[in-house]
Amino acid sequence: MSSRGAGRQRKTEYGDEVVTDSLPLAEIEANGLWVIVTSSEAGPRLHLLRGGRTLLDITLGVTVSGRAVTNGSRFIRSSRCSVPGAMHLRSGKTTSARAYHHEELTVTFHDSDDLEWSIIVRVADDGIAVRYAIPDLQGVGTLDMEATTLSLEGFERGWLLDYQTWYETPRFGRKIADIRSGEYGFPILLRGESGDHVLVTEAGIDGRYSGAHAKIDEGSRALTFRQADASTEIARGPITPWRVFIVGEIADVVESTFVDELAPEQHGSIDDASWVRPGRAAWSWWSDFYSGAQLEQQKHFVDVAAQLGWEHLLIDCGWEETWVPEIVSYASQFGIQVHLWTVWHDIDGPEKLARLALWRSWGVAGIKVDFMESESKDRYRWYDTILQETARLEMMVNFHGSVIPRGWARTWPQVIGYEAIRGSEYYVFYNDTPLTAAHNVIQPFTRNIVGGMDYTPVAFTAPGRTTSDGHELALSIAFECGITHFADSVDAYLARPAAARFLAELAPSWDETVLLGGSPDTEAIVARRSGDRWFVGAIATGPARVINVPLDRLGAGPFEVWTVGDAQDDNGRGLVENRTTASESFAVPVSHDGGFVAVLAPLGAGLFRAAAVEPTATPVVEDPIVELGSDGRVVIEAPAAHVVRVAPRWTATALATGRWEVRAPNDLPPGGLGIVTLEAEGTRGVAAVSHIRVVRPLEGTVAMSSLPMVAFRNESGPVERNMSNGGGNPQDGQRMSVGGSEFAAGLGMSAPGEARFYLGGHAVRLTGAVGVDDETPGTGATVFVEADGATLLQLEVQAGGAAVEFDLDVAGRGFLTLRSDPGSEQAAHIDWVDPTLFTSHP
């Protein structure tokens with residue numbers, strides 16, 4: 001592309017500005033911003049002016065199917081249109097209905113082979129976005145490279161992070177002159193020499209594209225967008241997501257919703273998203289790594305969550321489908337919904353994807369899916385599938401090990417969080433390098449601007465922590481996520497009454513978000529409104545000081561103010577409360593790397609409104625286990641249920657009021673079971689849930705390792721099938737080995753532990769062997785086989801000894817339990833070697 005002019009000068013309401021060595025092709029003035037697209041020797045360029053100053057100088061262009069379309073391109077036309085819109089998000093920095101108005105400029109070219117291509121520019125109140133399109137591409141092509149390059153001349157400081165596909169490197173601030181050449185992740189915040197701020201990121205992505213990151217060249221002082229895939233297949237229409245530049249004062253940038261505005265509207269498959277429920281979650285993994293396998297521990301977290309009025313429970317790795325229905329039912333009494341952790345490849349592909357429908361049939365409300373760790377187009381297609389399926393099933397989804405938000409919470413409101421942040425889990429994995437206050441303070445000005453951030457805040461008991469208690473508590477407001485998962489044990493919160501009281505008052509979602517003060521290098525003072533109350537969170541980095549909070553942006557006062565901040569006599573350990581009234585401002589002292597929270601309410605309106613949740617009854621189930629008939633059917637009584645859920649390939653047909661015919665799939669094996677979920681009216685808009693297990697009767701010879709358990713408990717992780725116990729995580733055992741002999745089949749248990757099975761009176765004999773696995777030398781245990789309350793076998797077993805065989809009469813027994821009690825301080829891992837049931841005497 002060649003230049004046909006030396007430049008021009010134009011007088012506008014924004015001031016005099018000269019654009020040199022380029023020819024203006026098209027321009028648009030809207031919302032206080034002036035965009036000019038010009039031609040130059042390097043290709044098209046975009047200039048953004050605000051208030052008489054040039055904020056952005058961007059070189060444009062793409063390489064498609066092996067050729068740079070800018071080479072020899074000629075300008076054809078430009079057009080302009082208005083793009084009004086409205087949003088009413090279920091979660092985010094504002095859940096209030098709001099309208100917006102964009103102006104759109106399309107500049108169209110023909111390349112040397114007459115391929116038509118376009119630059120599309122959106123202009124909003126607080127920024128611009130650019131994308132490329134090829135409206136007449138025949139068949140498919142490839143996007144091979146993108147030339148979109150922002151000049152860093154005129155910027156003096158940036159806040160960024162080293163690029164990693166899951167965005168968990170520390171964020172840092174640096175002078176532009178000191179930023180080395182390399183790859184960096186979005187969003188990136190830049191500050192101009194005149195004080196203007198620009199946030200650079202990406203929006204409007206789906207499975208048609210790969211993700212992009214920034215490549216910075218220190219020599220040319222330029223930032224270029226680089227797609228993850230070396231080459232991406234494209235079709236006609238848009239060929240890139242939006243390249244987003246949010247501009248303005250720092251408060252304008254922090255409060256912007258431009259990324260969501262650029263995303264497609266709520267997907268047409270979702271008629272009503274009221275089932276998406278933002279809120280607060282109890283989460284045991286951070287404080288107790290193996291607790292995901294412990295039902296009683298999960299019940300304890302539910303109990304305290306109900307006491308504090310929280311809405312959710314997340315069960316991380318180690319959960320076992322045996323008791324998930326039970327915890328769902330238990331939590332439902334209090335209007336608490338249960339979410340399950342999973343790995344992305346465990347729900348990849350049609351067969352594995354059916355697990356989502358299975359979990360939903362138990363009453364599970366959502367998933368935390370982990371370890372995607374890719375920006376490839378192929379992975380974005382996987383995201384598309386998960387988004388569509390979770391929407392169909394009405395399941396919320398929290399993406400971990402993930403990409404950054406790019407507007408999905410608007411299109412798919414069930415997306416209630418992303419990780420893409422170096423958060424509290426790094427205390428667990430890397431406790432020798434604690435998270436810094438400086439890293440935390442940058443987040444409200446960068447990462448959290450673009451969407452929900454599952455940092456998992458408020459880690460009081462973090463090892464090596466350098467932040468104050470007030471700082472930790474304030475993260476619950478300063479950081480926003482659709483569901484905020486609190487890192488610490490619920491007992492750590494109860495041990496700090498002021499913190500517990502505040503976390504009970506904390507609102508589940510926000511009507512409005514306002515930045516009251518701060519900068520990425522010093523402090524962040526964030527206010528979020530719920531109804532008539534404001535919640536303020538202040539996090540600071542650096543020396544102890546007094547932070548002043550201006551109230552002029554919060555509406556008419558005076559306010560009653562309750563603060564919880566740093567104890568000043570103990571290096572920020574401990575919390576102090578204060579009550580006051582304020583109209584214009586209030587001040588709070590903070591410790592080194594300190595912080596505080598505040599709740600503000602109009603005088604007389606009442607600061608404290610939290611109340612514990614009283615349990616409601618779940619549907620009465622007369623028989624929690626029923627057997628299928630020979631035709632694979634059974635009729636269940638469910639008079640209180642208004643919804644009956646069954647697993648995929650099962651059916652439930654209403655016969656009459658309170659009676660349902662349940663039918664199993666034909667290939668359900670003997671001893672196999674399905675869960676029938678009964679839902680009745682509950683509390684806080686959450687169904688009260690009970691379950692019935694429907695079992696195909698035993699027949700023939702059955703390996704117990706193939707049978708579903710009806711209950712279990714285990715010292716370390718789940719009871720493993722056909723492997724030793726190993727430890728706390730699922731599938732972390734190895735081949736069973738007792739007394740030096742290896743075995744392929746059986747059950748791996750950690751004492752104390754037990755596994756309970758349903759026999760229904762159909763088995764007559766149990767054979768097998770039992771011993772201590774060689775992976776726990778020097779240990780011992782007492783093992784039991786029990787049936788219907790009677791002890792059929794009791795043995796002392798020691799590590800190093802051979803497996804002890806048994807042959808037991810179980811005729812007529814309804815339930816069978818394999819149990820182990822510890823015989824030493826260290827937990828023994830017990831191998832039940834090849835336990836086998838016979839339904840007739842051999």
# chains A, B, ... in the order shown; residues from 1 in each chain; ligands from 1

$ residues_around --residues "Glu311 of chain A" --least-positions-apart "4" --cutoff "6 Å" --atoms "only C-alpha atoms" --output "list in words"
Gly279, Arg280 and Ile336 of chain A

$ closest_residue --among "A:Phe186, A:Glu584, A:Thr461, A:Val686" --to "His312 of chain A" --atoms "only C-alpha atoms"
A:Val686

$ select_by_dssp --residues "segment 249-311 of chain A" --states "helix (DSSP H, G or I)" --output "PyMOL selection string"
chain A and resi 250-255+258-262+291-293+295-308

$ closest_atom_pairs --of "segment 448-482 of chain A" --to "segment 161-182 of chain A" --cutoff "12 Å" --atoms "only C-alpha atoms" --output "CSV"
residue,atom,partner,partner_atom,distance
A:Met453,CA,A:Tyr167,CA,11.4
A:Asp454,CA,A:Glu168,CA,11.6
A:Tyr455,CA,A:Glu168,CA,10.2

$ write_last_selection --atoms "N, CA and C atoms" --output "PDB file, in the first residue's frame"
ATOM      1  N   MET A 453     -12.896 -13.253  38.340  1.00  0.00           N
ATOM      2  CA  MET A 453     -11.530 -13.705  38.624  1.00  0.00           C
ATOM      3  C   MET A 453     -11.553 -14.581  39.870  1.00  0.00           C
ATOM      4  N   ASP A 454     -11.395 -15.893  39.689  1.00  0.00           N
ATOM      5  CA  ASP A 454     -11.458 -16.825  40.816  1.00  0.00           C
ATOM      6  C   ASP A 454     -10.086 -16.944  41.466  1.00  0.00           C
ATOM      7  N   TYR A 455      -9.716 -15.901  42.170  1.00  0.00           N
ATOM      8  CA  TYR A 455      -8.449 -15.852  42.909  1.00  0.00           C
ATOM      9  C   TYR A 455      -8.527 -16.721  44.165  1.00  0.00           C
TER      10      TYR A 455
END

$ atom_distance --atom1 "atom CA of Ala30 of chain A" --atom2 "atom CA of Leu515 of chain A"
24.8 Å

$ select_by_dssp --residues "segment 6-151 of chain A" --states "strand (DSSP E)" --output "number ranges by chain"
A: 7-12, 15-20, 23-30, 33-39, 45-50, 53-59, 62-64, 67-68, 74-87, 98-110, 116-124, 127-134, 141-146, 149-151

$ closest_residue --among "A:Phe535, A:Phe596, A:Phe479, A:Phe608" --to "Asn548 of chain A" --atoms "only C-alpha atoms"
A:Phe596

$ residues_around --residues "Thr456 of chain A" --least-positions-apart "6" --cutoff "12 Å" --atoms "only C-alpha atoms" --output "number ranges by chain"
A: 280-287, 314, 398, 400, 417-427, 472-473, 475-477, 479-489

$ residues_around --residues "segment 734-745 of chain A" --least-positions-apart "5" --cutoff "8 Å" --atoms "only C-alpha atoms" --output "number ranges by chain"
A: 705, 721-726, 771-775, 799-803, 831, 833-834

$ write_last_selection --atoms "N, CA and C atoms" --output "tab-separated table (two decimals), in the first residue's frame"
chain	number	residue	atom	x	y	z
A	705	SER	N	-15.09	-55.20	43.04
A	705	SER	CA	-14.47	-53.98	42.54
A	705	SER	C	-15.26	-53.37	41.39
A	721	ARG	N	-10.30	-48.53	43.05
A	721	ARG	CA	-10.69	-49.79	42.41
A	721	ARG	C	-9.52	-50.34	41.59
A	722	ASN	N	-9.18	-51.58	41.87
A	722	ASN	CA	-8.15	-52.31	41.12
A	722	ASN	C	-6.78	-51.62	41.17
A	723	MET	N	-6.52	-50.94	42.28
A	723	MET	CA	-5.21	-50.36	42.54
A	723	MET	C	-5.11	-50.08	44.04
A	724	SER	N	-3.89	-49.85	44.49
A	724	SER	CA	-3.72	-49.52	45.90
A	724	SER	C	-4.30	-48.15	46.18
A	725	ASN	N	-4.43	-47.81	47.47
A	725	ASN	CA	-5.00	-46.51	47.82
A	725	ASN	C	-4.11	-45.37	47.36
A	726	GLY	N	-2.81	-45.51	47.54
A	726	GLY	CA	-1.87	-44.52	47.05
A	726	GLY	C	-1.81	-43.26	47.87
A	771	GLY	N	-4.88	-57.75	53.08
A	771	GLY	CA	-3.57	-57.51	53.69
A	771	GLY	C	-3.18	-56.06	53.57
A	772	VAL	N	-2.03	-55.72	54.14
A	772	VAL	CA	-1.51	-54.35	54.09
A	772	VAL	C	-0.64	-54.20	52.86
A	773	ASP	N	-0.93	-53.17	52.08
A	773	ASP	CA	-0.15	-52.96	50.86
A	773	ASP	C	1.29	-52.59	51.22
A	774	ASP	N	2.21	-53.03	50.38
A	774	ASP	CA	3.63	-52.81	50.63
A	774	ASP	C	4.02	-51.33	50.58
A	775	GLU	N	3.11	-50.45	50.08
A	775	GLU	CA	3.45	-49.03	50.02
A	775	GLU	C	3.38	-48.35	51.40
A	799	ALA	N	1.92	-55.08	57.77
A	799	ALA	CA	2.70	-54.88	56.55
A	799	ALA	C	3.79	-55.95	56.45
A	800	GLY	N	4.02	-56.43	55.24
A	800	GLY	CA	5.03	-57.45	55.00
A	800	GLY	C	4.47	-58.85	55.02
A	801	GLY	N	3.31	-59.03	55.67
A	801	GLY	CA	2.71	-60.36	55.70
A	801	GLY	C	1.93	-60.65	54.44
A	802	ALA	N	1.74	-61.94	54.18
A	802	ALA	CA	0.99	-62.36	53.00
A	802	ALA	C	-0.48	-62.02	53.17
A	803	ALA	N	-1.18	-61.85	52.05
A	803	ALA	CA	-2.61	-61.60	52.09
A	803	ALA	C	-3.32	-62.81	52.70
A	831	ASP	N	-5.37	-53.61	51.18
A	831	ASP	CA	-5.80	-54.16	49.89
A	831	ASP	C	-6.78	-55.30	50.13
A	833	VAL	N	-8.15	-58.01	48.24
A	833	VAL	CA	-7.70	-58.63	47.01
A	833	VAL	C	-8.81	-59.50	46.41
A	834	ASP	N	-9.23	-59.11	45.23
A	834	ASP	CA	-10.19	-59.87	44.43
A	834	ASP	C	-11.39	-60.36	45.23
